[in-house]
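This report refers to the structure that appears directly beneath it.
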Amino acid sequence: MSQYFSSSYEESREKFINLLSEVKRFYPKAELLTHSIGDESIDVILGEPKRDRKTMLLMTIGEHGIEGYAGAAVTHQFVRTQLSHVRHETTGICLIHAVNPWGMKHFRRVNEHNVDLNRNYVIDRESVPYNVNREYELMRHLFVPDGVIDDYHEAREQIYSFLGSGIKLDGFKAMSGAKGMGQYQFPKGVYYGGEEDEPSAIFLKGIQHDLLERYGKVVHMDWHTALGPTNEVTMVISKRDGRTEDELKQAYGLDNVNVYDPDEVLGDSTNHFYYVRDTEYPDKGLVSALFEFGTFGTSTKASIREFLTIILENRLYFEGTKDPEARNGIQNEFMAMFYPDDPIWREAVLREGATAIEGCLKGESLWRDA
């Protein structure tokens, strides 16, 4: 198991680059492409099929920086143990390492501009009001850093007290809505979607257009962590796909599927993929979904813990603290949410990841017995 997981961006990147020789066993002309993003790079292994370009299997990791480590492990395992089952003659593969390389390198979820890249794929920026997220604006005292963290427990209690007040339910619903919509007013606040397209998003948009133009169908698996039942994988997909949760579960043999409404989640990269397909390549097939490895769980208590973790890590980054307990506590919680050093969780990532890949490939008729 240790060969799949890495302790640094550099280690993960080196492992990914070394996968090229493995991929060449099945795609002799496969190549490694590198695209600079600031001081870092997005790396791509591209293998084209020997015959017809019927389907492209696209795997992306690290859109949320730190979450890329689990995705890299699943990608590595896929190449080593499952690539031989892919129908290589008519199926290409495109593996992308670290859509957000800065975030992965620095163990942050956002990029160097504090942008949540999965809120950056806004389809029509001119039509989005500046203050589109009214709930967020009303609770900016929670979401936007407001000074040095003097006391860890006091900082935590401020958030707990808000949720425990007389507007507990309404407040929690508002927080959940603020998270889904992202925000475009406060550059230092959490869930910031950016004022313009980030270089990583521009690059990935180019990939979306290129693959849809050249292939009859694209199957896209974007790996993430945190959401969903602990130690289980959850498929998260836009309503633009057109299928119900039950239909998707049956098609891919999955236990957990979440179909979301794009009107309630602004700037998601997979929903943008469907928009490109629908508007420019309507005759092409597409399956584009996030696959989340759950950590904290799905209870209300777990959701509150997630909000605390995101808010305090962001405040720590921008404002700092003089309290060693606060620094250690916040950083440890952040790792526990997105990249736990827990052998049981990591074993589940590999097991659940392999199951999801096999299920999707079989559901799309891309799997064969080796």
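By order in the structure tokens, chains are A, B, ...; within a chain, residues start at 1; ligands start at 1, following the order shown.
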
**Study point:** Those in range 134-263 of chain A with helix (DSSP H, G or I) from DSSP, as number ranges by chain
**Key:** A: 134-138, 140-143, 152-163, 168-181, 199-214, 239-241, 245-252

Review point. Quick one: residues within 7 Å of Tyr121 in chain A, only C-alpha atoms counted, chain neighbours fewer than 5 positions away excluded, as JSON, numbers by chain?
Key: {"A": [201, 267, 268, 269, 272]}

Could you please take those selected residues and save all heavy atoms as a PDB file, in the first residue's frame?
```
ATOM      1  N   ALA A 201      -7.914  26.136 -14.735  1.00  0.00           N
ATOM      2  CA  ALA A 201      -9.237  25.943 -15.326  1.00  0.00           C
ATOM      3  C   ALA A 201      -9.194  26.136 -16.834  1.00  0.00           C
ATOM      4  O   ALA A 201      -9.842  25.393 -17.590  1.00  0.00           O
ATOM      5  CB  ALA A 201     -10.238  26.914 -14.701  1.00  0.00           C
ATOM      6  N   GLY A 267     -20.052  26.917 -10.809  1.00  0.00           N
ATOM      7  CA  GLY A 267     -18.643  26.836 -11.176  1.00  0.00           C
ATOM      8  C   GLY A 267     -18.004  25.470 -11.101  1.00  0.00           C
ATOM      9  O   GLY A 267     -16.774  25.361 -11.090  1.00  0.00           O
ATOM     10  N   ASP A 268     -18.794  24.400 -11.084  1.00  0.00           N
ATOM     11  CA  ASP A 268     -18.242  23.043 -10.992  1.00  0.00           C
ATOM     12  C   ASP A 268     -17.650  22.611 -12.330  1.00  0.00           C
ATOM     13  O   ASP A 268     -18.240  22.826 -13.390  1.00  0.00           O
ATOM     14  CB  ASP A 268     -19.348  22.072 -10.576  1.00  0.00           C
ATOM     15  CG  ASP A 268     -18.861  20.641 -10.483  1.00  0.00           C
ATOM     16  OD1 ASP A 268     -18.380  20.262  -9.414  1.00  0.00           O
ATOM     17  OD2 ASP A 268     -18.954  19.921 -11.501  1.00  0.00           O
ATOM     18  N   SER A 269     -16.483  21.974 -12.287  1.00  0.00           N
ATOM     19  CA  SER A 269     -15.773  21.609 -13.518  1.00  0.00           C
ATOM     20  C   SER A 269     -16.481  20.516 -14.303  1.00  0.00           C
ATOM     21  O   SER A 269     -16.491  20.539 -15.540  1.00  0.00           O
ATOM     22  CB  SER A 269     -14.346  21.165 -13.188  1.00  0.00           C
ATOM     23  OG  SER A 269     -14.345  20.028 -12.346  1.00  0.00           O
ATOM     24  N   HIS A 272     -19.422  21.917 -16.099  1.00  0.00           N
ATOM     25  CA  HIS A 272     -18.956  22.675 -17.261  1.00  0.00           C
ATOM     26  C   HIS A 272     -18.686  21.742 -18.432  1.00  0.00           C
ATOM     27  O   HIS A 272     -18.955  22.080 -19.589  1.00  0.00           O
ATOM     28  CB  HIS A 272     -17.688  23.455 -16.912  1.00  0.00           C
ATOM     29  CG  HIS A 272     -17.177  24.294 -18.034  1.00  0.00           C
ATOM     30  ND1 HIS A 272     -16.305  23.812 -18.996  1.00  0.00           N
ATOM     31  CD2 HIS A 272     -17.437  25.579 -18.380  1.00  0.00           C
ATOM     32  CE1 HIS A 272     -16.036  24.767 -19.868  1.00  0.00           C
ATOM     33  NE2 HIS A 272     -16.707  25.848 -19.524  1.00  0.00           N
TER      34      HIS A 272
END
```

**Study point:** Residue list (strand (DSSP E), DSSP) for range 217-370 of chain A, as a PyMOL selection string
**Key:** chain A and resi 217-226+233-238+257-260+285-294

Selection from above, C-alpha atoms, as a CSV table (one decimal), in the first residue's frame, can you write it?
```
chain,number,residue,atom,x,y,z
A,217,LYS,CA,-17.4,9.5,-26.0
A,218,VAL,CA,-15.5,10.7,-22.9
A,219,VAL,CA,-15.7,8.9,-19.5
A,220,HIS,CA,-14.2,11.3,-16.9
A,221,MET,CA,-13.4,10.3,-13.3
A,222,ASP,CA,-12.3,13.2,-11.1
A,223,TRP,CA,-10.9,12.0,-7.7
A,224,HIS,CA,-11.6,13.9,-4.5
A,225,THR,CA,-11.8,13.3,-0.7
A,226,ALA,CA,-13.9,14.2,2.3
A,233,VAL,CA,-16.6,6.2,-2.3
A,234,THR,CA,-19.5,8.4,-3.6
A,235,MET,CA,-20.1,9.4,-7.2
A,236,VAL,CA,-21.2,13.0,-7.5
A,237,ILE,CA,-22.7,14.0,-10.9
A,238,SER,CA,-24.6,16.8,-12.4
A,257,VAL,CA,-24.5,8.3,-5.8
A,258,ASN,CA,-25.3,12.0,-5.4
A,259,VAL,CA,-27.0,13.8,-8.3
A,260,TYR,CA,-26.7,17.6,-7.8
A,285,GLY,CA,-21.3,10.9,-25.4
A,286,LEU,CA,-20.1,12.0,-21.9
A,287,VAL,CA,-19.9,10.8,-18.4
A,288,SER,CA,-18.2,13.3,-16.1
A,289,ALA,CA,-18.3,12.8,-12.3
A,290,LEU,CA,-16.5,13.4,-9.1
A,291,PHE,CA,-15.6,10.4,-7.0
A,292,GLU,CA,-15.2,11.3,-3.3
A,293,PHE,CA,-13.6,9.2,-0.6
A,294,GLY,CA,-15.5,10.0,2.6
```

Point to revise | Residues near Lys362 in chain A, cut-off 12 Å, only C-alpha atoms, skip fewer than 2 positions along chain, as a ChimeraX atom specification | key: /A:82,85-87,219,250-254,355-360,364-369

Practice item. Determine, counting only C-alpha atoms, which protein, DNA and RNA residues have an atom within 7 Å of an atom of range 65-73 of chain A; residues of the same chain fewer than 3 positions away are not included. Present the result as a PyMOL selection string. Key: chain A and resi 4-6+12+61-62+76-77+98+100-104+107-110+223-225+338-339

Excluding Val148 in chain A and any residue of its chain fewer than 5 positions from it, enumerate the residues within 6 Å of it, using only C-alpha atoms, and give them as a JSON list (two decimals) with all heavy atoms, in the first residue's frame.
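Okay, part_18.json is ready:
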```
[["chain", "number", "residue", "atom", "x", "y", "z"],
["A", 319, "GLU", "N", -4.14, 34.77, 8.70],
["A", 319, "GLU", "CA", -3.93, 35.59, 9.89],
["A", 319, "GLU", "C", -2.91, 35.02, 10.87],
["A", 319, "GLU", "O", -2.33, 35.75, 11.67],
["A", 319, "GLU", "CB", -5.27, 35.81, 10.62],
["A", 319, "GLU", "CG", -6.37, 36.39, 9.74],
["A", 319, "GLU", "CD", -6.10, 37.83, 9.34],
["A", 319, "GLU", "OE1", -5.19, 38.46, 9.92],
["A", 319, "GLU", "OE2", -6.82, 38.35, 8.45],
["A", 320, "GLY", "N", -2.72, 33.69, 10.82],
["A", 320, "GLY", "CA", -1.74, 33.06, 11.70],
["A", 320, "GLY", "C", -2.23, 32.92, 13.14],
["A", 320, "GLY", "O", -3.37, 33.23, 13.48],
["A", 321, "THR", "N", -1.33, 32.44, 14.00],
["A", 321, "THR", "CA", -1.64, 32.26, 15.41],
["A", 321, "THR", "C", -0.34, 32.24, 16.21],
["A", 321, "THR", "O", 0.72, 31.89, 15.68],
["A", 321, "THR", "CB", -2.41, 30.95, 15.65],
["A", 321, "THR", "OG1", -2.73, 30.85, 17.04],
["A", 321, "THR", "CG2", -1.58, 29.74, 15.25]]
```

Exercise for review: Identify, on the basis of only C-alpha atoms, every residue whose closest approach to Gly193 in chain A does not exceed 7 Å; exclude the query and any residue fewer than 2 positions from it along the same chain; express the result as a ChimeraX atom specification.
Suggested key: /A:115-117,119-120,182-184,191,195
